[in-house]
Structures are given as structure tokens and as C-alpha cells.
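What follows is the content of structure_33.pdb, which has PDB, C-alpha atoms:
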```pdb
ATOM      1  CA  MET A   1    -102.495  -8.345-106.101
ATOM      2  CA  LEU A   2    -101.549  -7.314-102.571
ATOM      3  CA  SER A   3    -104.259  -5.831-100.377
ATOM      4  CA  ILE A   4    -103.312  -2.700 -98.437
ATOM      5  CA  ASP A   5    -104.717  -3.588 -95.029
ATOM      6  CA  GLY A   6    -105.768  -0.329 -93.409
ATOM      7  CA  ARG A   7    -107.052  -2.039 -90.287
ATOM      8  CA  ALA A   8    -103.776  -3.828 -89.574
ATOM      9  CA  LEU A   9    -101.677  -0.760 -90.359
ATOM     10  CA  SER A  10    -103.905   1.432 -88.207
ATOM     11  CA  LYS A  11    -103.513  -0.998 -85.312
ATOM     12  CA  GLU A  12     -99.720  -0.934 -85.732
ATOM     13  CA  ILE A  13     -99.529   2.862 -85.710
ATOM     14  CA  LYS A  14    -101.977   3.164 -82.816
ATOM     15  CA  THR A  15     -99.709   0.885 -80.803
ATOM     16  CA  GLU A  16     -96.847   3.297 -81.510
ATOM     17  CA  ILE A  17     -98.999   6.254 -80.442
ATOM     18  CA  ARG A  18    -100.049   4.429 -77.270
ATOM     19  CA  GLU A  19     -96.413   3.783 -76.366
ATOM     20  CA  GLU A  20     -95.622   7.482 -76.814
ATOM     21  CA  VAL A  21     -98.611   8.512 -74.695
ATOM     22  CA  ASP A  22     -97.483   6.087 -71.981
ATOM     23  CA  ARG A  23     -94.082   7.789 -71.967
ATOM     24  CA  ILE A  24     -95.754  11.200 -71.729
ATOM     25  CA  ARG A  25     -97.891  10.004 -68.817
ATOM     26  CA  ALA A  26     -94.859   8.544 -67.033
ATOM     27  CA  ASN A  27     -93.183  11.949 -67.265
ATOM     28  CA  ASN A  28     -96.310  13.780 -66.051
ATOM     29  CA  GLY A  29     -96.720  15.423 -69.435
ATOM     30  CA  ASN A  30     -99.830  16.661 -71.215
ATOM     31  CA  ILE A  31    -102.161  13.827 -72.213
ATOM     32  CA  PRO A  32    -103.698  14.560 -75.636
ATOM     33  CA  HIS A  33    -107.389  15.460 -75.521
ATOM     34  CA  LEU A  34    -109.554  15.137 -78.637
ATOM     35  CA  ALA A  35    -113.077  16.567 -78.754
ATOM     36  CA  ALA A  36    -115.767  15.962 -81.361
ATOM     37  CA  VAL A  37    -118.900  17.971 -82.087
ATOM     38  CA  ILE A  38    -121.770  16.156 -83.787
ATOM     39  CA  VAL A  39    -125.009  17.783 -84.917
ATOM     40  CA  GLY A  40    -128.182  15.815 -85.614
ATOM     41  CA  ASP A  41    -128.880  12.090 -85.826
ATOM     42  CA  ASN A  42    -127.019  11.006 -88.947
ATOM     43  CA  PRO A  43    -126.255   7.290 -88.311
ATOM     44  CA  ALA A  44    -123.058   7.373 -90.376
ATOM     45  CA  SER A  45    -121.781  10.451 -88.519
ATOM     46  CA  GLU A  46    -122.588   8.863 -85.168
ATOM     47  CA  SER A  47    -120.720   5.729 -86.199
ATOM     48  CA  TYR A  48    -117.687   7.753 -87.327
ATOM     49  CA  VAL A  49    -117.555   9.739 -84.085
ATOM     50  CA  LYS A  50    -118.004   6.575 -82.003
ATOM     51  CA  ASN A  51    -115.057   5.030 -83.850
ATOM     52  CA  LYS A  52    -112.922   8.116 -83.257
ATOM     53  CA  VAL A  53    -113.702   8.089 -79.538
ATOM     54  CA  LYS A  54    -112.946   4.345 -79.338
ATOM     55  CA  SER A  55    -109.617   4.894 -81.087
ATOM     56  CA  SER A  56    -108.801   7.784 -78.742
ATOM     57  CA  ASP A  57    -109.399   5.511 -75.769
ATOM     58  CA  GLU A  58    -107.225   2.783 -77.312
ATOM     59  CA  VAL A  59    -104.207   5.081 -77.537
ATOM     60  CA  GLY A  60    -104.721   6.608 -74.089
ATOM     61  CA  PHE A  61    -106.108   9.986 -75.169
ATOM     62  CA  GLU A  62    -108.793  11.836 -73.301
ATOM     63  CA  SER A  63    -111.899  12.418 -75.386
ATOM     64  CA  THR A  64    -115.091  14.460 -75.282
ATOM     65  CA  VAL A  65    -118.193  14.297 -77.474
ATOM     66  CA  ILE A  66    -120.576  17.244 -77.735
ATOM     67  CA  LYS A  67    -123.846  16.182 -79.355
ATOM     68  CA  LYS A  68    -126.415  18.785 -80.417
ATOM     69  CA  ASP A  69    -129.861  18.641 -81.981
ATOM     70  CA  GLU A  70    -130.069  19.285 -85.731
ATOM     71  CA  ASN A  71    -132.107  22.430 -85.039
ATOM     72  CA  ILE A  72    -129.193  24.181 -83.374
ATOM     73  CA  SER A  73    -128.554  27.569 -84.936
ATOM     74  CA  GLU A  74    -125.360  28.419 -86.754
ATOM     75  CA  GLU A  75    -124.610  31.072 -84.130
ATOM     76  CA  GLU A  76    -125.043  28.578 -81.279
ATOM     77  CA  LEU A  77    -122.709  26.109 -82.967
ATOM     78  CA  ILE A  78    -120.088  28.791 -83.492
ATOM     79  CA  GLU A  79    -120.342  29.655 -79.784
ATOM     80  CA  ILE A  80    -119.589  26.013 -78.936
ATOM     81  CA  ILE A  81    -116.560  26.165 -81.251
ATOM     82  CA  HIS A  82    -115.322  29.348 -79.586
ATOM     83  CA  GLY A  83    -115.677  27.588 -76.237
ATOM     84  CA  LEU A  84    -113.491  24.715 -77.449
ATOM     85  CA  ASN A  85    -110.995  27.184 -78.911
ATOM     86  CA  ASN A  86    -110.633  28.732 -75.461
ATOM     87  CA  ASN A  87    -110.647  25.478 -73.499
ATOM     88  CA  SER A  88    -107.040  24.841 -72.506
ATOM     89  CA  ASP A  89    -107.839  21.206 -71.660
ATOM     90  CA  VAL A  90    -108.743  20.416 -75.282
ATOM     91  CA  ASP A  91    -105.786  20.009 -77.646
ATOM     92  CA  GLY A  92    -107.728  19.456 -80.848
ATOM     93  CA  PHE A  93    -111.288  19.022 -82.027
ATOM     94  CA  ILE A  94    -113.406  18.243 -85.037
ATOM     95  CA  VAL A  95    -116.892  19.212 -86.160
ATOM     96  CA  GLN A  96    -118.307  16.112 -87.828
ATOM     97  CA  LEU A  97    -119.625  16.567 -91.358
ATOM     98  CA  PRO A  98    -122.135  16.707 -92.933
ATOM     99  CA  LEU A  99    -123.964  19.501 -91.109
ATOM    100  CA  PRO A 100    -127.658  20.400 -91.454
ATOM    101  CA  ARG A 101    -128.443  22.505 -94.512
ATOM    102  CA  HIS A 102    -129.038  25.703 -92.555
ATOM    103  CA  ILE A 103    -125.436  25.699 -91.290
ATOM    104  CA  ASP A 104    -122.656  26.932 -93.579
ATOM    105  CA  PRO A 105    -119.732  24.471 -93.227
ATOM    106  CA  ASP A 106    -117.260  27.117 -94.414
ATOM    107  CA  LYS A 107    -118.252  29.445 -91.560
ATOM    108  CA  ILE A 108    -117.819  26.592 -89.120
ATOM    109  CA  THR A 109    -114.382  25.710 -90.467
ATOM    110  CA  LEU A 110    -113.263  29.341 -90.305
ATOM    111  CA  ALA A 111    -114.420  29.572 -86.675
ATOM    112  CA  ILE A 112    -112.047  26.795 -85.575
ATOM    113  CA  ASP A 113    -108.702  27.862 -84.113
ATOM    114  CA  PRO A 114    -106.101  26.622 -86.651
ATOM    115  CA  ALA A 115    -103.976  25.432 -83.701
ATOM    116  CA  LYS A 116    -106.771  22.986 -82.788
ATOM    117  CA  ASP A 117    -107.856  22.094 -86.327
ATOM    118  CA  VAL A 118    -106.849  18.427 -86.246
ATOM    119  CA  ASP A 119    -108.982  17.679 -89.332
ATOM    120  CA  GLY A 120    -106.632  19.964 -91.284
ATOM    121  CA  PHE A 121    -109.511  21.784 -93.029
ATOM    122  CA  HIS A 122    -108.843  25.396 -91.998
ATOM    123  CA  PRO A 123    -107.482  27.582 -94.847
ATOM    124  CA  TYR A 124    -104.490  28.482 -92.655
ATOM    125  CA  ASN A 125    -103.469  24.824 -92.360
ATOM    126  CA  PHE A 126    -104.423  24.058 -95.962
ATOM    127  CA  GLY A 127    -102.226  26.922 -97.132
ATOM    128  CA  ARG A 128     -99.275  25.756 -95.042
ATOM    129  CA  MET A 129     -99.746  22.242 -96.435
ATOM    130  CA  ALA A 130     -99.742  23.633 -99.986
ATOM    131  CA  LEU A 131     -96.518  25.525 -99.284
ATOM    132  CA  GLY A 132     -94.845  22.495 -97.711
ATOM    133  CA  ILE A 133     -94.725  24.099 -94.253
ATOM    134  CA  ASP A 134     -95.219  21.900 -91.186
ATOM    135  CA  THR A 135     -98.897  21.817 -90.219
ATOM    136  CA  TYR A 136    -101.893  19.569 -89.527
ATOM    137  CA  LEU A 137    -102.502  17.604 -92.699
ATOM    138  CA  PRO A 138    -106.046  16.777 -93.877
ATOM    139  CA  ALA A 139    -106.824  13.445 -92.242
ATOM    140  CA  THR A 140    -107.773  11.259 -95.207
ATOM    141  CA  PRO A 141    -104.899  12.367 -97.496
ATOM    142  CA  TYR A 142    -102.534  12.050 -94.523
ATOM    143  CA  GLY A 143    -103.786   8.499 -93.989
ATOM    144  CA  ILE A 144    -103.185   7.690 -97.669
ATOM    145  CA  VAL A 145     -99.639   9.050 -97.502
ATOM    146  CA  MET A 146     -98.925   6.916 -94.437
ATOM    147  CA  MET A 147    -100.217   3.844 -96.285
ATOM    148  CA  LEU A 148     -97.993   4.460 -99.294
ATOM    149  CA  ASP A 149     -95.041   5.101 -96.996
ATOM    150  CA  ARG A 150     -95.489   2.041 -94.774
ATOM    151  CA  TYR A 151     -96.041  -0.259 -97.768
ATOM    152  CA  ASN A 152     -92.960   1.192 -99.479
ATOM    153  CA  ILE A 153     -94.928   2.123-102.585
ATOM    154  CA  SER A 154     -92.787   4.563-104.525
ATOM    155  CA  THR A 155     -94.455   7.687-105.911
ATOM    156  CA  GLU A 156     -91.369   9.414-107.321
ATOM    157  CA  GLY A 157     -91.735  10.031-111.034
ATOM    158  CA  LYS A 158     -95.006   8.092-111.127
ATOM    159  CA  GLN A 159     -98.147   9.131-112.980
ATOM    160  CA  VAL A 160    -100.905   9.655-110.406
ATOM    161  CA  VAL A 161    -104.529  10.212-111.380
ATOM    162  CA  VAL A 162    -106.808  11.599-108.681
ATOM    163  CA  VAL A 163    -110.502  11.098-109.393
ATOM    164  CA  GLY A 164    -112.369  13.824-107.506
ATOM    165  CA  ARG A 165    -111.459  17.413-106.612
ATOM    166  CA  SER A 166    -112.946  17.962-103.154
ATOM    167  CA  ASN A 167    -111.109  20.092-100.610
ATOM    168  CA  ILE A 168    -111.244  17.145 -98.217
ATOM    169  CA  VAL A 169    -109.491  14.537-100.387
ATOM    170  CA  GLY A 170    -108.884  15.266-104.069
ATOM    171  CA  MET A 171    -107.214  18.658-103.947
ATOM    172  CA  PRO A 172    -105.001  18.091-100.880
ATOM    173  CA  ILE A 173    -103.777  14.613-101.890
ATOM    174  CA  SER A 174    -102.845  15.961-105.329
ATOM    175  CA  ILE A 175    -100.731  18.678-103.708
ATOM    176  CA  MET A 176     -99.140  16.312-101.208
ATOM    177  CA  LEU A 177     -98.118  13.754-103.844
ATOM    178  CA  ALA A 178     -96.725  16.396-106.199
ATOM    179  CA  LYS A 179     -94.508  18.167-103.667
ATOM    180  CA  LYS A 180     -90.966  17.144-102.800
ATOM    181  CA  GLY A 181     -90.625  14.344-100.271
ATOM    182  CA  LYS A 182     -90.332  10.608 -99.728
ATOM    183  CA  VAL A 183     -94.006  10.188-100.618
ATOM    184  CA  GLY A 184     -94.140  12.801-103.347
ATOM    185  CA  ASN A 185     -92.373  13.887-106.531
ATOM    186  CA  ALA A 186     -95.227  12.430-108.569
ATOM    187  CA  THR A 187     -96.788  13.836-111.726
ATOM    188  CA  VAL A 188    -100.400  14.346-110.707
ATOM    189  CA  THR A 189    -103.516  14.713-112.852
ATOM    190  CA  ILE A 190    -106.759  15.789-111.172
ATOM    191  CA  THR A 191    -109.891  14.489-112.856
ATOM    192  CA  HIS A 192    -113.546  15.157-112.070
ATOM    193  CA  SER A 193    -117.099  15.080-113.439
ATOM    194  CA  ARG A 194    -116.217  17.427-116.322
ATOM    195  CA  THR A 195    -113.133  15.506-117.409
ATOM    196  CA  LYS A 196    -113.399  14.252-120.970
ATOM    197  CA  ASN A 197    -112.444  10.641-121.618
ATOM    198  CA  LEU A 198    -111.698   9.813-117.988
ATOM    199  CA  GLU A 199    -111.008   6.195-118.918
ATOM    200  CA  ALA A 200    -108.017   7.243-121.046
ATOM    201  CA  GLN A 201    -106.564   9.174-118.107
ATOM    202  CA  LEU A 202    -107.009   6.212-115.775
ATOM    203  CA  LYS A 203    -105.255   3.828-118.147
ATOM    204  CA  LYS A 204    -102.115   6.004-117.998
ATOM    205  CA  ALA A 205    -101.968   5.976-114.199
ATOM    206  CA  ASP A 206     -99.367   4.175-112.134
ATOM    207  CA  ILE A 207    -101.374   5.150-109.042
ATOM    208  CA  ILE A 208    -105.101   5.923-108.879
ATOM    209  CA  ILE A 209    -106.757   7.765-105.977
ATOM    210  CA  ALA A 210    -110.524   7.294-106.328
ATOM    211  CA  ALA A 211    -112.793   9.676-104.418
ATOM    212  CA  ILE A 212    -115.897  10.289-106.515
ATOM    213  CA  GLY A 213    -118.744   8.642-104.614
ATOM    214  CA  ARG A 214    -119.869   6.250-107.373
ATOM    215  CA  ALA A 215    -120.208   2.638-106.331
ATOM    216  CA  ASN A 216    -117.879   0.212-108.165
ATOM    217  CA  TYR A 217    -117.276   2.796-110.897
ATOM    218  CA  ILE A 218    -113.670   1.902-111.721
ATOM    219  CA  LYS A 219    -113.250  -1.546-113.288
ATOM    220  CA  ALA A 220    -110.297  -3.635-114.427
ATOM    221  CA  GLU A 221    -110.754  -2.350-117.985
ATOM    222  CA  HIS A 222    -110.030   1.181-116.757
ATOM    223  CA  ILE A 223    -106.598   0.500-115.219
ATOM    224  CA  LYS A 224    -103.269  -0.606-116.558
ATOM    225  CA  GLU A 225    -101.401  -3.725-115.508
ATOM    226  CA  GLY A 226     -99.664  -3.266-112.148
ATOM    227  CA  ALA A 227    -101.471  -0.082-111.125
ATOM    228  CA  VAL A 228    -101.774   0.857-107.445
ATOM    229  CA  VAL A 229    -105.395   1.677-106.601
ATOM    230  CA  ILE A 230    -106.360   3.642-103.482
ATOM    231  CA  ASP A 231    -110.128   3.643-102.974
ATOM    232  CA  VAL A 232    -111.492   6.431-100.773
ATOM    233  CA  GLY A 233    -115.152   5.872-101.660
ATOM    234  CA  ILE A 234    -117.721   4.506 -99.223
ATOM    235  CA  ASN A 235    -121.052   3.701-100.867
ATOM    236  CA  ARG A 236    -124.083   1.759 -99.739
ATOM    237  CA  VAL A 237    -125.519  -0.751-102.203
ATOM    238  CA  GLN A 238    -128.636  -2.797-101.631
ATOM    239  CA  ASP A 239    -127.977  -6.363-100.513
ATOM    240  CA  GLU A 240    -130.935  -8.334 -99.196
ATOM    241  CA  SER A 241    -128.606 -11.117 -98.051
ATOM    242  CA  ARG A 242    -127.255  -8.810 -95.352
ATOM    243  CA  LYS A 243    -129.100  -8.305 -92.079
ATOM    244  CA  ARG A 244    -129.075  -4.521 -92.502
ATOM    245  CA  GLY A 245    -130.188  -4.770 -96.138
ATOM    246  CA  TYR A 246    -127.081  -3.218 -97.661
ATOM    247  CA  ARG A 247    -123.323  -3.553 -97.895
ATOM    248  CA  LEU A 248    -120.511  -1.044 -98.228
ATOM    249  CA  VAL A 249    -118.452  -0.825-101.401
ATOM    250  CA  GLY A 250    -115.922   1.635-102.742
ATOM    251  CA  ASP A 251    -115.626   3.622-105.939
ATOM    252  CA  VAL A 252    -113.527   0.767-107.315
ATOM    253  CA  ASP A 253    -114.769  -2.722-108.142
ATOM    254  CA  TYR A 254    -112.241  -4.436-105.887
ATOM    255  CA  GLU A 255    -112.901  -7.982-107.037
ATOM    256  CA  ASP A 256    -112.786  -6.986-110.695
ATOM    257  CA  ILE A 257    -109.394  -5.245-110.496
ATOM    258  CA  LYS A 258    -107.700  -7.982-108.460
ATOM    259  CA  PRO A 259    -106.070  -9.755-111.430
ATOM    260  CA  LYS A 260    -104.652  -6.482-112.770
ATOM    261  CA  ALA A 261    -103.657  -4.220-109.855
ATOM    262  CA  SER A 262    -100.407  -4.603-107.924
ATOM    263  CA  TYR A 263    -101.832  -3.086-104.721
ATOM    264  CA  ALA A 264    -105.335  -1.976-103.786
ATOM    265  CA  THR A 265    -107.278  -0.911-100.726
ATOM    266  CA  PRO A 266    -110.467  -2.779 -99.801
ATOM    267  CA  VAL A 267    -113.692  -1.111 -98.692
ATOM    268  CA  PRO A 268    -114.291  -1.321 -95.830
ATOM    269  CA  GLY A 269    -110.957  -1.826 -94.094
ATOM    270  CA  GLY A 270    -108.686   0.272 -96.293
ATOM    271  CA  VAL A 271    -108.464   4.052 -96.158
ATOM    272  CA  GLY A 272    -111.164   4.488 -93.484
ATOM    273  CA  PRO A 273    -109.179   3.235 -90.467
ATOM    274  CA  MET A 274    -106.172   5.269 -91.576
ATOM    275  CA  THR A 275    -108.223   8.468 -91.640
ATOM    276  CA  VAL A 276    -108.948   7.996 -87.947
ATOM    277  CA  THR A 277    -105.283   7.187 -87.286
ATOM    278  CA  ALA A 278    -104.231  10.396 -89.043
ATOM    279  CA  LEU A 279    -106.625  12.330 -86.819
ATOM    280  CA  LEU A 280    -104.937  10.802 -83.773
ATOM    281  CA  MET A 281    -101.512  11.739 -85.150
ATOM    282  CA  ASN A 282    -102.653  15.337 -85.601
ATOM    283  CA  THR A 283    -104.057  15.434 -82.064
ATOM    284  CA  LEU A 284    -100.791  14.127 -80.634
ATOM    285  CA  LYS A 285     -98.985  16.819 -82.617
ATOM    286  CA  ALA A 286    -101.351  19.497 -81.278
ATOM    287  CA  SER A 287    -100.719  18.330 -77.721
ATOM    288  CA  LYS A 288     -96.959  18.495 -78.241
ATOM    289  CA  ASN A 289     -97.215  21.945 -79.807
ATOM    290  CA  LYS A 290     -99.117  23.212 -76.757
ATOM    291  CA  SER A 291     -96.360  21.914 -74.491
ATOM    292  CA  LYS A 292     -93.606  23.788 -76.322
TER     293      LYS A 292
END
```

Any chance you could put this one into C-alpha cells?
Amino acid sequence: MLSIDGRALSKEIKTEIREEVDRIRANNGNIPHLAAVIVGDNPASESYVKNKVKSSDEVGFESTVIKKDENISEEELIEIIHGLNNNSDVDGFIVQLPLPRHIDPDKITLAIDPAKDVDGFHPYNFGRMALGIDTYLPATPYGIVMMLDRYNISTEGKQVVVVGRSNIVGMPISIMLAKKGKVGNATVTITHSRTKNLEAQLKKADIIIAAIGRANYIKAEHIKEGAVVIDVGINRVQDESRKRGYRLVGDVDYEDIKPKASYATPVPGGVGPMTVTALLMNTLKASKNKSK
């Protein structure tokens, strides 16, 4: 089995972005500016935002983090979003999820200017993606597509099974892989918690996209020989041998599938770094669009 190294691929693409930003700077062009809004003290969210800011710095972007207490009202958060919408210095921004329970994430998404929606979550951008019109693609599916493309993994005519139907991963990646294109033209089946006999669906798949949030759920017995397995899951499992008392694993039992899969993504170090890279690509795109 070949491991799809998201860290190495992310580093390669970030080098390409950095070179483009250097050319923009040399020509006195607009330097991309990514902003992030984080609410509360969720350690995972803080880690994600820190990683995004670090990656922005690595490629020469400007970056801003707006951190607010978890007690902020929905109205106050929307006002911050409107401020970013109207800030000409900011090319794109994200509102880090999850949000506190008293804040409706749909209202927050709808408040974001689609032209600055570099997470690709706004219905305007989602609709353009579904229609095959140029837009900001949802970051995690975009990262997966880049992985398949750069590793020359063909999707044309392949049976793809997507496990999970979220609007962040499952639904958009199913659309993207089914549409016409170099990474596309696949026959896609979306499965979820109500799917009967999920194991039978998995065994038919040439490519599996796992995004269900169940630690080590997919085993070697569930996949066919030579399957490509893309693991989007990030789950904490107790591990007293680790200093922090836990380790991160995916939705796929990586060690178990090794003898059977042709390609697979590890967790951590697979899809995660490419999600951040996709966000950078969208921000660069937003900056270029503003300059047109």
C-alpha cells in the first residue's frame, strides 16, 4: 500500500503558492489577507486556527485572528462578520466551527459575503460548485481532489462510496467526484447512518471517502483488494502511553487495511494538512478576484 502523504503534498503546494505571492509582491500587487474568527476556548478550534495562521505566514499571506468569548451574542458575531465583509484589506475569512450552542451556524454562514467565503460553505458558492461554475470550493473536499489529482489516482468510471452526508464533506465531495473533469466522472454512492448493509456497499468501492466520526470503524474486511481509502475522520482515543493521554485516529483502521488497500491517507498527516492548503488556495483566488 502507498500512503498518501498530506503533509508532504501540502508543503509542495504551499511552496508553489509562496512563489506566486513573491511574484505578486515584486509587482506591487495585492498580498492575500486571510482572517479567522474564533469563538470560545475549544482547544481543537484554537489549534486549527493556529495552524491556519502559521500556514498563511509560510506562504507570505497577511493574517488576522479575531478571538471572542463564548458568551458573545449571535447579533454581535454577525456584526463582526459584516465588518469583515466591508473591510477592503481582508480578501477572505472563516468563522471557525463549532460555535456555541446559542449561535445558529446557518445564520453565520449566510451573513458571510460569498466573495470572501474561502471555506466554500455559503449556499451561493455551494450552488455554483454543484453546477460546475467556477467558485470557492469547500476546503476539505477541495483538498481531497488535489490529493487524487497530484497522486494521479484516476476516478473516471470508478465506483466511489462516500460514508457521511454532511454539507462540509460528504455532500460536496460526492458532487465534485461525479461531475465532469479530470478528477470526476465517477459513479458515486452516498452512505450514512440509515444505510442498510453498509459493508456490502463498501466492498464494491474502488474509492472510499470516510467521514463519519467513528474511530477505526472501517476495517480490511470491509474493503476490496486494491481500494483507495481517503480518511477524513479525526477521533480521539484513550492512550495512557501518550503524554496527553490520547492519540488521534481516523474513521479507518489504517494498520488493518494496509495489506489490502492500494492507497490510503493516514491520520494525522493525510487530509488535514490539505484542508488548510485548500483554504490558502481559495484565499489566493479571492485576492486575485478582487484585483480584476

What are the closest atom pairs, with distances in Å to one decimal, for each residue of stretch 1-65 of chain A lying within 12 Å of stretch 70-86 of chain A, using all atoms listed in the file, rows by chain and rising residue number, as JSON lines?
```
{"residue": "A:His33", "atom": "CA", "partner": "A:Leu84", "partner_atom": "CA", "distance": 11.3}
{"residue": "A:Leu34", "atom": "CA", "partner": "A:Leu84", "partner_atom": "CA", "distance": 10.4}
{"residue": "A:Ala35", "atom": "CA", "partner": "A:Leu84", "partner_atom": "CA", "distance": 8.3}
{"residue": "A:Ala36", "atom": "CA", "partner": "A:Leu84", "partner_atom": "CA", "distance": 9.9}
{"residue": "A:Val37", "atom": "CA", "partner": "A:Ile81", "partner_atom": "CA", "distance": 8.6}
{"residue": "A:Ile38", "atom": "CA", "partner": "A:Glu70", "partner_atom": "CA", "distance": 9.1}
{"residue": "A:Val39", "atom": "CA", "partner": "A:Glu70", "partner_atom": "CA", "distance": 5.3}
{"residue": "A:Gly40", "atom": "CA", "partner": "A:Glu70", "partner_atom": "CA", "distance": 4.0}
{"residue": "A:Asp41", "atom": "CA", "partner": "A:Glu70", "partner_atom": "CA", "distance": 7.3}
{"residue": "A:Asn42", "atom": "CA", "partner": "A:Glu70", "partner_atom": "CA", "distance": 9.4}
{"residue": "A:Thr64", "atom": "CA", "partner": "A:Leu84", "partner_atom": "CA", "distance": 10.6}
{"residue": "A:Val65", "atom": "CA", "partner": "A:Leu84", "partner_atom": "CA", "distance": 11.4}
```

Within 6 Å of stretch 129-152 of chain A: each stretch 204-286 of chain A residue with its shortest pair, all atoms listed in the file, as JSON lines:
```
{"residue": "A:Met274", "atom": "CA", "partner": "A:Gly143", "partner_atom": "CA", "distance": 4.7}
{"residue": "A:Thr275", "atom": "CA", "partner": "A:Thr140", "partner_atom": "CA", "distance": 4.6}
{"residue": "A:Ala278", "atom": "CA", "partner": "A:Ala139", "partner_atom": "CA", "distance": 5.1}
{"residue": "A:Leu279", "atom": "CA", "partner": "A:Ala139", "partner_atom": "CA", "distance": 5.5}
{"residue": "A:Asn282", "atom": "CA", "partner": "A:Tyr136", "partner_atom": "CA", "distance": 5.8}
```

A straight line from atom CA of A:Gly250 to atom CA of A:Ile218 spans 9.3 Å

Check: So how far away is atom CA of A:Pro273 from atom CA of A:Asp206, in Å?
Finding: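 Between atom CA of A:Asp206 and atom CA of A:Pro273 the gap is 23.8 Å.
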
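Taking atom CA of A:Asn235 as the reference point, atom CA of A:Gly213 is found at 6.6 Å.
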
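In this comparison, which uses all atoms listed in the file, the residue of A:Gly226, A:Pro266, A:Gly272, A:Gly60 approaching A:Asp253 most closely is A:Pro266.
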
Query raised in the report: So which one's closest to A:Lys11, A:Val162, A:Val59, A:Ala186, A:Val228? Using all atoms listed in the file, please.
Result: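 Of A:Val162, A:Val59, A:Ala186, A:Val228, the one nearest A:Lys11 is A:Val59, counting all atoms listed in the file.
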
Problem - Contacts of A:Met171 within 12 Å, only C-alpha atoms, excl. fewer than 3 positions in-chain, as an MDAnalysis selection string - result: chainID A and resid 121 126:127 129:130 138 140:141 161:168 174:178 188:192 209 211

task: List the residues sitting within 7 Å of (-109.8, 25.7, -88.9) in the file's frame, using all atoms listed in the file, as a ChimeraX atom specification.
output: /A:109-114,117,120-123
